[in-house]
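See below for the structure under consideration.
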Amino acid sequence: MTKVLVTGAAGFIGSHTVDKLLAVGHEVIGVDNFRSGHRSNLAGADSNERFTLVEADVSADGVLDGLVSDTLPSAIIHLAALVSVQDSIDNPELNYQLNVLATHRVAEAARAHDVKRVVFASSAAIYGNATDMPIVEEAAKLPISPYGGAKLASEAILLSHGAAFGITVRCQRYFNVFGPRQDPASPYSGVISIFDKRYRDGKGVTIFGDGQQTRDFISVHDVARANVLAATSDGIKSGWANVCTGKATSLLEVAAIFAEHYSEAPAPILGEPRKGDIIHSRGQADLIAKELGFSAEVTVKDGLSELIRLG
């Protein structure tokens with residue numbers, strides 16, 4: 001059994017990661033300030049004696065240091081963040097505090113208290129408007145928002161601490177994560193959670209563009225499993241990897257899967273393309289398979305069916 005501290009534990013990805021850690025027998029200290037996370041996401045974990053929840057802001061001076069000092073985890077999975085790209089544009093100072101400064105606090109707490117493993121929630125946003133598909137980890141890093149810039153800076157902070165102080169750091173570059181507990185009201189909500197709410201409400205969806213634009217959609221269950229592997233596997237080295245399926249799915253294909261379950265829903269409306277929208281995104285999944293032994297297992301169709309079934 002490994003003791004793992006998870007920041008952002010009540011969030012979409014965080015709560016699933018907590019559940020997966022507990023399911024395979026680990027002890028978990030969850031930390032969240034509930035700025036964007038929800039207590040209800042941890043309903044299952046709360047009844048587990050191996051789970052402890054702490055309400056705190058990990059970006060605040062001394063908070064994380066004190067918590068790590070008290071609990072001495074073997075690993076930290078750092079998922080807490082300002083998760084909205086638009087919020088990072090509207091308030092770059094808040095983006096710095098919650099995304100860069102908080103990561104520095106994680107790095108320093110790990111250094112000060114000899115935590116040997118840190119897993120970081122990075123993002124495909126670090127690649128910006130990449131045009132060569134699939135996107136490989138060596139692609140140019142040209143983020144187009146403060147959010148993407150903060151993720152790239154955070155990778156550098158953690159990896160340099162890792163090299164200097166003997167910490168194994170894994171930077172998980174998530175692509176388009178979807179699944180239960182993703183808040184459709186969130187400004188960073190994925191297109192799938194928005195579609196899900198619209199279809200559930202008996203309404204059609206609007207697709208901006210011709211619907212042929214594609215994304216690399218990966219189930220949150222697979223992402224949680226990748227996080228657990230990165231935090232607890234023996235013999236791995238510091239590095240980074242795309243967390244993706246390596247497969248492209250169009251928005252029209254997503255809408256067609258929903259239509260199988262909501263046969264009376266209106267057909268999708270195609271609107272004018274939105275300026276700045278990325279047309280295609282697909283990651284290269286080979287590196288994470290090589291370094292963590294991970295490959296995605298949940299298909300988009302199966303993941304959507306679960307999302308619809310759970311309501």
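Residues in the structure tokens are numbered from 1 in each chain, the chains being A, B, ... in the order shown, and ligands are numbered from 1 in the order shown.
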Could you write out, as a list of chain:residue names, all the residues of range 123-200 of chain A that DSSP marks as strand (DSSP E)? A:Ser123, A:Thr168, A:Val169, A:Arg170, A:Cys171, A:Gln172, A:Arg173, A:Tyr174, A:Asn176, A:Val177, A:Phe178
Please produce a file of those selected residues containing all heavy atoms, as a JSON list (two decimals), in the first residue's frame.
[["chain", "number", "residue", "atom", "x", "y", "z"],
["A", 123, "SER", "N", -1.09, 19.25, -20.00],
["A", 123, "SER", "CA", -2.17, 19.38, -20.98],
["A", 123, "SER", "C", -1.63, 19.45, -22.39],
["A", 123, "SER", "O", -0.52, 19.97, -22.63],
["A", 123, "SER", "CB", -2.96, 20.66, -20.68],
["A", 123, "SER", "OG", -3.87, 20.97, -21.71],
["A", 168, "THR", "N", 11.29, 11.59, -8.83],
["A", 168, "THR", "CA", 10.77, 11.12, -10.11],
["A", 168, "THR", "C", 9.52, 11.92, -10.44],
["A", 168, "THR", "O", 8.56, 11.92, -9.66],
["A", 168, "THR", "CB", 10.44, 9.62, -10.07],
["A", 168, "THR", "OG1", 11.63, 8.89, -9.76],
["A", 168, "THR", "CG2", 9.89, 9.15, -11.41],
["A", 169, "VAL", "N", 9.52, 12.60, -11.57],
["A", 169, "VAL", "CA", 8.41, 13.47, -11.98],
["A", 169, "VAL", "C", 7.82, 12.94, -13.28],
["A", 169, "VAL", "O", 8.56, 12.69, -14.25],
["A", 169, "VAL", "CB", 8.89, 14.92, -12.17],
["A", 169, "VAL", "CG1", 7.78, 15.78, -12.76],
["A", 169, "VAL", "CG2", 9.39, 15.49, -10.85],
["A", 170, "ARG", "N", 6.52, 12.77, -13.30],
["A", 170, "ARG", "CA", 5.82, 12.38, -14.53],
["A", 170, "ARG", "C", 4.82, 13.47, -14.89],
["A", 170, "ARG", "O", 3.93, 13.80, -14.12],
["A", 170, "ARG", "CB", 5.07, 11.06, -14.34],
["A", 170, "ARG", "CG", 5.94, 9.86, -14.08],
["A", 170, "ARG", "CD", 6.91, 9.55, -15.19],
["A", 170, "ARG", "NE", 6.29, 9.51, -16.51],
["A", 170, "ARG", "CZ", 6.97, 9.22, -17.63],
["A", 170, "ARG", "NH1", 8.29, 8.97, -17.58],
["A", 170, "ARG", "NH2", 6.34, 9.20, -18.79],
["A", 171, "CYS", "N", 4.98, 14.04, -16.08],
["A", 171, "CYS", "CA", 4.08, 15.07, -16.59],
["A", 171, "CYS", "C", 3.10, 14.43, -17.56],
["A", 171, "CYS", "O", 3.50, 13.94, -18.62],
["A", 171, "CYS", "CB", 4.87, 16.18, -17.27],
["A", 171, "CYS", "SG", 6.00, 17.03, -16.15],
["A", 172, "GLN", "N", 1.82, 14.44, -17.19],
["A", 172, "GLN", "CA", 0.78, 13.77, -17.95],
["A", 172, "GLN", "C", 0.08, 14.79, -18.85],
["A", 172, "GLN", "O", -0.68, 15.63, -18.36],
["A", 172, "GLN", "CB", -0.24, 13.15, -16.99],
["A", 172, "GLN", "CG", 0.37, 12.28, -15.89],
["A", 172, "GLN", "CD", 0.57, 10.86, -16.33],
["A", 172, "GLN", "OE1", 1.51, 10.57, -17.06],
["A", 172, "GLN", "NE2", -0.30, 9.98, -15.90],
["A", 173, "ARG", "N", 0.31, 14.71, -20.14],
["A", 173, "ARG", "CA", -0.26, 15.68, -21.08],
["A", 173, "ARG", "C", -1.62, 15.18, -21.58],
["A", 173, "ARG", "O", -1.72, 14.49, -22.59],
["A", 173, "ARG", "CB", 0.71, 15.93, -22.24],
["A", 173, "ARG", "CG", 2.01, 16.58, -21.76],
["A", 173, "ARG", "CD", 3.05, 16.68, -22.86],
["A", 173, "ARG", "NE", 4.28, 17.29, -22.36],
["A", 173, "ARG", "CZ", 5.42, 17.37, -23.04],
["A", 173, "ARG", "NH1", 5.49, 16.85, -24.27],
["A", 173, "ARG", "NH2", 6.48, 17.94, -22.51],
["A", 174, "TYR", "N", -2.66, 15.55, -20.83],
["A", 174, "TYR", "CA", -4.01, 15.08, -21.16],
["A", 174, "TYR", "C", -4.52, 15.69, -22.45],
["A", 174, "TYR", "O", -4.36, 16.88, -22.70],
["A", 174, "TYR", "CB", -5.00, 15.46, -20.05],
["A", 174, "TYR", "CG", -4.63, 15.00, -18.66],
["A", 174, "TYR", "CD1", -4.88, 15.83, -17.57],
["A", 174, "TYR", "CD2", -4.07, 13.75, -18.42],
["A", 174, "TYR", "CE1", -4.58, 15.42, -16.28],
["A", 174, "TYR", "CE2", -3.75, 13.34, -17.13],
["A", 174, "TYR", "CZ", -4.01, 14.19, -16.06],
["A", 174, "TYR", "OH", -3.70, 13.79, -14.79],
["A", 176, "ASN", "N", -8.38, 15.25, -24.76],
["A", 176, "ASN", "CA", -9.77, 15.63, -24.46],
["A", 176, "ASN", "C", -10.42, 14.59, -23.56],
["A", 176, "ASN", "O", -10.94, 13.58, -24.03],
["A", 176, "ASN", "CB", -10.56, 15.80, -25.76],
["A", 176, "ASN", "CG", -10.07, 16.99, -26.56],
["A", 176, "ASN", "OD1", -9.04, 16.91, -27.25],
["A", 176, "ASN", "ND2", -10.77, 18.09, -26.46],
["A", 177, "VAL", "N", -10.40, 14.87, -22.26],
["A", 177, "VAL", "CA", -10.91, 13.92, -21.27],
["A", 177, "VAL", "C", -12.43, 14.08, -21.15],
["A", 177, "VAL", "O", -12.95, 15.19, -21.11],
["A", 177, "VAL", "CB", -10.24, 14.16, -19.90],
["A", 177, "VAL", "CG1", -10.64, 13.06, -18.92],
["A", 177, "VAL", "CG2", -8.72, 14.24, -20.05],
["A", 178, "PHE", "N", -13.13, 12.96, -21.06],
["A", 178, "PHE", "CA", -14.58, 13.02, -20.89],
["A", 178, "PHE", "C", -15.04, 11.91, -19.96],
["A", 178, "PHE", "O", -14.32, 10.94, -19.72],
["A", 178, "PHE", "CB", -15.30, 12.87, -22.25],
["A", 178, "PHE", "CG", -15.32, 11.47, -22.79],
["A", 178, "PHE", "CD1", -16.43, 10.65, -22.61],
["A", 178, "PHE", "CD2", -14.23, 10.95, -23.47],
["A", 178, "PHE", "CE1", -16.46, 9.35, -23.11],
["A", 178, "PHE", "CE2", -14.25, 9.63, -23.97],
["A", 178, "PHE", "CZ", -15.36, 8.84, -23.78]]
Could you list, as a PDB file with N, CA, C and O atoms, in the first residue's frame, every residue within 9 Å of Gly11 in chain A, counting only C-alpha atoms and ignoring same-chain residues fewer than 6 positions away?
ATOM      1  N   ASP A  32      -8.556  19.799  -1.441  1.00  0.00           N
ATOM      2  CA  ASP A  32      -9.312  20.612  -2.397  1.00  0.00           C
ATOM      3  C   ASP A  32      -9.867  21.835  -1.677  1.00  0.00           C
ATOM      4  O   ASP A  32     -10.242  21.752  -0.497  1.00  0.00           O
ATOM      5  N   PHE A  34     -12.418  23.467  -3.158  1.00  0.00           N
ATOM      6  CA  PHE A  34     -13.774  23.471  -3.700  1.00  0.00           C
ATOM      7  C   PHE A  34     -14.089  24.718  -4.527  1.00  0.00           C
ATOM      8  O   PHE A  34     -15.234  25.117  -4.641  1.00  0.00           O
ATOM      9  N   SER A  36     -13.601  24.762  -7.823  1.00  0.00           N
ATOM     10  CA  SER A  36     -14.283  24.160  -8.968  1.00  0.00           C
ATOM     11  C   SER A  36     -14.648  22.702  -8.732  1.00  0.00           C
ATOM     12  O   SER A  36     -15.410  22.125  -9.491  1.00  0.00           O
ATOM     13  N   GLY A  37     -14.133  22.097  -7.681  1.00  0.00           N
ATOM     14  CA  GLY A  37     -14.489  20.729  -7.343  1.00  0.00           C
ATOM     15  C   GLY A  37     -15.777  20.674  -6.546  1.00  0.00           C
ATOM     16  O   GLY A  37     -16.264  21.695  -6.037  1.00  0.00           O
ATOM     17  N   HIS A  38     -16.328  19.472  -6.417  1.00  0.00           N
ATOM     18  CA  HIS A  38     -17.605  19.282  -5.720  1.00  0.00           C
ATOM     19  C   HIS A  38     -17.476  18.156  -4.711  1.00  0.00           C
ATOM     20  O   HIS A  38     -16.960  17.082  -5.027  1.00  0.00           O
ATOM     21  N   ARG A  39     -17.971  18.384  -3.501  1.00  0.00           N
ATOM     22  CA  ARG A  39     -17.936  17.348  -2.469  1.00  0.00           C
ATOM     23  C   ARG A  39     -18.649  16.079  -2.916  1.00  0.00           C
ATOM     24  O   ARG A  39     -18.253  14.962  -2.562  1.00  0.00           O
ATOM     25  N   ASN A  41     -18.591  14.644  -5.620  1.00  0.00           N
ATOM     26  CA  ASN A  41     -17.723  13.778  -6.420  1.00  0.00           C
ATOM     27  C   ASN A  41     -16.986  12.751  -5.563  1.00  0.00           C
ATOM     28  O   ASN A  41     -16.511  11.733  -6.082  1.00  0.00           O
ATOM     29  N   LEU A  42     -16.882  13.026  -4.266  1.00  0.00           N
ATOM     30  CA  LEU A  42     -16.132  12.147  -3.368  1.00  0.00           C
ATOM     31  C   LEU A  42     -17.060  11.328  -2.477  1.00  0.00           C
ATOM     32  O   LEU A  42     -16.633  10.797  -1.446  1.00  0.00           O
ATOM     33  N   LEU A  79      -3.239  17.758  -9.258  1.00  0.00           N
ATOM     34  CA  LEU A  79      -4.304  18.017 -10.221  1.00  0.00           C
ATOM     35  C   LEU A  79      -4.986  19.357  -9.990  1.00  0.00           C
ATOM     36  O   LEU A  79      -5.737  19.823 -10.856  1.00  0.00           O
ATOM     37  N   ALA A  80      -4.765  19.979  -8.836  1.00  0.00           N
ATOM     38  CA  ALA A  80      -5.405  21.260  -8.542  1.00  0.00           C
ATOM     39  C   ALA A  80      -4.925  22.318  -9.523  1.00  0.00           C
ATOM     40  O   ALA A  80      -3.737  22.404  -9.825  1.00  0.00           O
ATOM     41  N   ARG A 181     -19.156  13.065 -14.081  1.00  0.00           N
ATOM     42  CA  ARG A 181     -18.741  14.122 -13.142  1.00  0.00           C
ATOM     43  C   ARG A 181     -18.146  15.343 -13.819  1.00  0.00           C
ATOM     44  O   ARG A 181     -17.754  16.292 -13.129  1.00  0.00           O
ATOM     45  N   GLN A 182     -18.050  15.345 -15.128  1.00  0.00           N
ATOM     46  CA  GLN A 182     -17.568  16.554 -15.802  1.00  0.00           C
ATOM     47  C   GLN A 182     -18.714  17.560 -15.825  1.00  0.00           C
ATOM     48  O   GLN A 182     -19.791  17.275 -16.327  1.00  0.00           O
TER      49      GLN A 182
END
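Proximity of A:Pro180, A:Gly209, A:Gly25, A:Gly149 to Ile308 in chain A, computed with only C-alpha atoms, is greatest for A:Pro180.
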For Ile192 in chain A, work out the shell of residues within 12 Å, counting only C-alpha atoms and skipping chain neighbours fewer than 4 positions away, then give it as a ChimeraX atom specification. /A:176-184,188,196-200,205,207,215-219,249-255,257-258,300-301,303-305,307-308
Expected file contents, prior selection, N, CA, C and O atoms, as a short mmCIF file (atom, residue, chain, number, x, y, z; two decimals), in the first residue's frame:
data_model
loop_
_atom_site.label_atom_id
_atom_site.label_comp_id
_atom_site.auth_asym_id
_atom_site.auth_seq_id
_atom_site.Cartn_x
_atom_site.Cartn_y
_atom_site.Cartn_z
N ASN A 176 -8.38 15.25 -24.76
CA ASN A 176 -9.77 15.63 -24.46
C ASN A 176 -10.42 14.59 -23.56
O ASN A 176 -10.94 13.58 -24.03
N VAL A 177 -10.40 14.87 -22.26
CA VAL A 177 -10.91 13.92 -21.27
C VAL A 177 -12.43 14.08 -21.15
O VAL A 177 -12.95 15.19 -21.11
N PHE A 178 -13.13 12.96 -21.06
CA PHE A 178 -14.58 13.02 -20.89
C PHE A 178 -15.04 11.91 -19.96
O PHE A 178 -14.32 10.94 -19.72
N GLY A 179 -16.25 12.06 -19.43
CA GLY A 179 -16.81 11.02 -18.58
C GLY A 179 -17.69 11.57 -17.49
O GLY A 179 -17.95 12.78 -17.43
N PRO A 180 -18.17 10.70 -16.60
CA PRO A 180 -19.04 11.13 -15.51
C PRO A 180 -18.35 12.15 -14.61
O PRO A 180 -17.13 12.11 -14.42
N ARG A 181 -19.16 13.07 -14.08
CA ARG A 181 -18.74 14.12 -13.14
C ARG A 181 -18.15 15.34 -13.82
O ARG A 181 -17.75 16.29 -13.13
N GLN A 182 -18.05 15.35 -15.13
CA GLN A 182 -17.57 16.55 -15.80
C GLN A 182 -18.71 17.56 -15.82
O GLN A 182 -19.79 17.28 -16.33
N ASP A 183 -18.47 18.72 -15.27
CA ASP A 183 -19.52 19.72 -15.07
C ASP A 183 -19.83 20.44 -16.38
O ASP A 183 -18.99 21.18 -16.90
N PRO A 184 -21.04 20.27 -16.94
CA PRO A 184 -21.36 20.95 -18.21
C PRO A 184 -21.47 22.46 -18.08
O PRO A 184 -21.45 23.17 -19.08
N TYR A 188 -14.71 25.41 -18.73
CA TYR A 188 -13.74 24.55 -19.40
C TYR A 188 -14.35 23.21 -19.75
O TYR A 188 -13.66 22.24 -20.01
N ASP A 196 -24.01 16.10 -23.80
CA ASP A 196 -24.77 15.23 -22.90
C ASP A 196 -25.92 16.00 -22.25
O ASP A 196 -27.05 15.50 -22.19
N LYS A 197 -25.63 17.19 -21.76
CA LYS A 197 -26.70 17.98 -21.12
C LYS A 197 -27.78 18.37 -22.12
O LYS A 197 -28.98 18.31 -21.82
N ARG A 198 -27.38 18.78 -23.30
CA ARG A 198 -28.36 19.19 -24.30
C ARG A 198 -29.28 18.03 -24.68
O ARG A 198 -30.50 18.17 -24.73
N TYR A 199 -28.71 16.88 -24.95
CA TYR A 199 -29.52 15.73 -25.32
C TYR A 199 -30.40 15.28 -24.15
O TYR A 199 -31.57 14.92 -24.33
N ARG A 200 -29.86 15.34 -22.95
CA ARG A 200 -30.63 14.94 -21.78
C ARG A 200 -31.82 15.87 -21.55
O ARG A 200 -32.87 15.45 -21.05
N VAL A 205 -28.13 19.88 -30.60
CA VAL A 205 -26.83 20.53 -30.39
C VAL A 205 -26.46 21.33 -31.63
O VAL A 205 -26.90 21.04 -32.74
N ILE A 207 -23.20 22.43 -33.77
CA ILE A 207 -21.78 22.19 -34.04
C ILE A 207 -21.27 23.33 -34.89
O ILE A 207 -21.82 23.64 -35.95
N ARG A 215 -11.25 15.25 -32.43
CA ARG A 215 -10.53 15.34 -31.16
C ARG A 215 -10.11 13.93 -30.75
O ARG A 215 -10.70 12.94 -31.15
N ASP A 216 -9.11 13.89 -29.90
CA ASP A 216 -8.66 12.63 -29.31
C ASP A 216 -9.34 12.53 -27.94
O ASP A 216 -8.81 13.00 -26.93
N PHE A 217 -10.53 11.93 -27.93
CA PHE A 217 -11.31 11.83 -26.70
C PHE A 217 -10.84 10.63 -25.89
O PHE A 217 -10.80 9.51 -26.40
N ILE A 218 -10.53 10.86 -24.62
CA ILE A 218 -10.09 9.77 -23.75
C ILE A 218 -10.93 9.74 -22.49
O ILE A 218 -11.20 10.79 -21.89
N SER A 219 -11.35 8.56 -22.10
CA SER A 219 -12.20 8.40 -20.92
C SER A 219 -11.45 8.77 -19.64
O SER A 219 -10.28 8.44 -19.47
N THR A 249 -11.79 11.21 -33.35
CA THR A 249 -13.24 11.05 -33.46
C THR A 249 -13.84 12.40 -33.83
O THR A 249 -13.54 13.41 -33.19
N SER A 250 -14.69 12.43 -34.85
CA SER A 250 -15.29 13.69 -35.27
C SER A 250 -16.48 14.04 -34.39
O SER A 250 -17.09 13.17 -33.75
N LEU A 251 -16.84 15.32 -34.38
CA LEU A 251 -18.00 15.75 -33.60
C LEU A 251 -19.28 15.16 -34.15
O LEU A 251 -20.21 14.87 -33.39
N LEU A 252 -19.36 14.96 -35.46
CA LEU A 252 -20.54 14.31 -36.02
C LEU A 252 -20.65 12.86 -35.55
O LEU A 252 -21.76 12.35 -35.33
N GLU A 253 -19.52 12.19 -35.40
CA GLU A 253 -19.54 10.82 -34.88
C GLU A 253 -20.03 10.80 -33.44
O GLU A 253 -20.80 9.92 -33.04
N VAL A 254 -19.60 11.77 -32.65
CA VAL A 254 -20.08 11.87 -31.27
C VAL A 254 -21.59 12.09 -31.24
O VAL A 254 -22.32 11.43 -30.50
N ALA A 255 -22.06 13.03 -32.07
CA ALA A 255 -23.50 13.31 -32.13
C ALA A 255 -24.29 12.08 -32.55
O ALA A 255 -25.39 11.83 -32.05
N ILE A 257 -23.57 8.96 -31.96
CA ILE A 257 -23.66 8.02 -30.83
C ILE A 257 -24.76 8.48 -29.87
O ILE A 257 -25.57 7.68 -29.39
N PHE A 258 -24.80 9.78 -29.58
CA PHE A 258 -25.88 10.29 -28.73
C PHE A 258 -27.24 10.02 -29.36
O PHE A 258 -28.21 9.65 -28.68
N VAL A 300 -14.72 5.42 -27.24
CA VAL A 300 -15.61 6.58 -27.15
C VAL A 300 -17.06 6.11 -27.04
O VAL A 300 -17.84 6.64 -26.23
N LYS A 301 -17.43 5.12 -27.83
CA LYS A 301 -18.82 4.65 -27.80
C LYS A 301 -19.18 4.07 -26.44
O LYS A 301 -20.25 4.38 -25.89
N GLY A 303 -17.67 4.70 -23.58
CA GLY A 303 -17.63 5.77 -22.59
C GLY A 303 -18.86 6.65 -22.64
O GLY A 303 -19.40 7.05 -21.59
N LEU A 304 -19.33 6.95 -23.84
CA LEU A 304 -20.54 7.74 -23.97
C LEU A 304 -21.76 6.98 -23.48
O LEU A 304 -22.66 7.55 -22.84
N SER A 305 -21.82 5.69 -23.76
CA SER A 305 -22.94 4.88 -23.29
C SER A 305 -23.01 4.87 -21.77
O SER A 305 -24.09 4.96 -21.17
N LEU A 307 -21.82 7.26 -19.79
CA LEU A 307 -22.21 8.62 -19.39
C LEU A 307 -23.72 8.80 -19.50
O LEU A 307 -24.37 9.35 -18.59
N ILE A 308 -24.30 8.32 -20.58
CA ILE A 308 -25.74 8.45 -20.79
C ILE A 308 -26.51 7.59 -19.78
O ILE A 308 -27.51 8.01 -19.22
#
Can you pull out the residues contacting range 110-117 of chain A? Cut-off 8 Å, using only C-alpha atoms, and skip same-chain residues under 3 positions away; I want them as a VMD selection string. chain A and resid 65 68 to 69 72 to 76 106 to 107 161 165 to 169 231
From a DSSP pass on the backbone, collect the residues of range 45-259 of chain A flagged as alpha helix (DSSP H) and hand them back as JSON, numbers by chain. {"A": [45, 46, 63, 64, 65, 66, 67, 68, 69, 70, 71, 85, 86, 87, 88, 89, 90, 92, 93, 94, 95, 102, 103, 104, 105, 106, 107, 108, 109, 110, 111, 112, 146, 147, 148, 149, 150, 151, 152, 153, 154, 155, 156, 157, 158, 159, 160, 161, 162, 163, 164, 165, 191, 192, 193, 194, 195, 196, 197, 198, 199, 200, 220, 221, 222, 223, 224, 225, 226, 227, 228, 229, 230, 231, 232, 251, 252, 253, 254, 255, 256, 257, 258, 259]}
For Lys20 in chain A, please output as an mmCIF file with C-alpha atoms, in the first residue's frame all residues within 8 Å (counting only C-alpha atoms; exclusion window: fewer than 6 positions along the same chain).
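Written output follows (result09.cif):
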data_model
loop_
_atom_site.group_PDB
_atom_site.id
_atom_site.type_symbol
_atom_site.label_atom_id
_atom_site.label_comp_id
_atom_site.auth_asym_id
_atom_site.auth_seq_id
_atom_site.Cartn_x
_atom_site.Cartn_y
_atom_site.Cartn_z
ATOM 1 C CA ALA A 224 -7.273 7.943 -13.674
ATOM 2 C CA ARG A 225 -5.577 4.601 -14.379
ATOM 3 C CA VAL A 228 -2.189 5.662 -10.681
#
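Omitting Ile126 in chain A and its sequence neighbours fewer than 4 positions away, and counting only C-alpha atoms, the residues within 9 Å are A:Ser122, A:Ala140, A:Lys141, A:Leu142, A:Pro143, A:Ile144, A:Ser145, A:Tyr147, A:Gly148, A:Gly149, A:Ala150, A:Lys151, A:Leu152, A:Arg173.
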Expected file: the selected residues, C-alpha atoms, as an mmCIF file, in the first residue's frame:
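The file below, part.cif, is the result:
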data_model
loop_
_atom_site.group_PDB
_atom_site.id
_atom_site.type_symbol
_atom_site.label_atom_id
_atom_site.label_comp_id
_atom_site.auth_asym_id
_atom_site.auth_seq_id
_atom_site.Cartn_x
_atom_site.Cartn_y
_atom_site.Cartn_z
ATOM 1 C CA SER A 122 -0.232 18.813 -17.774
ATOM 2 C CA ALA A 140 6.983 22.525 -30.776
ATOM 3 C CA LYS A 141 5.627 23.935 -27.507
ATOM 4 C CA LEU A 142 3.819 27.122 -28.538
ATOM 5 C CA PRO A 143 0.929 27.622 -26.092
ATOM 6 C CA ILE A 144 -1.627 30.257 -27.115
ATOM 7 C CA SER A 145 -3.104 31.017 -23.672
ATOM 8 C CA TYR A 147 -3.252 28.436 -19.161
ATOM 9 C CA GLY A 148 -1.101 26.545 -21.676
ATOM 10 C CA GLY A 149 1.913 28.646 -20.748
ATOM 11 C CA ALA A 150 1.406 27.861 -17.062
ATOM 12 C CA LYS A 151 1.254 24.133 -17.777
ATOM 13 C CA LEU A 152 4.505 24.315 -19.733
ATOM 14 C CA ARG A 173 -0.263 15.680 -21.075
#
Rank A:Val85, A:Leu158, A:Ile194, A:Ala230 by their smallest atom-to-atom distance to Thr17 in chain A, using only C-alpha atoms, and report the top residue only. A:Ala230
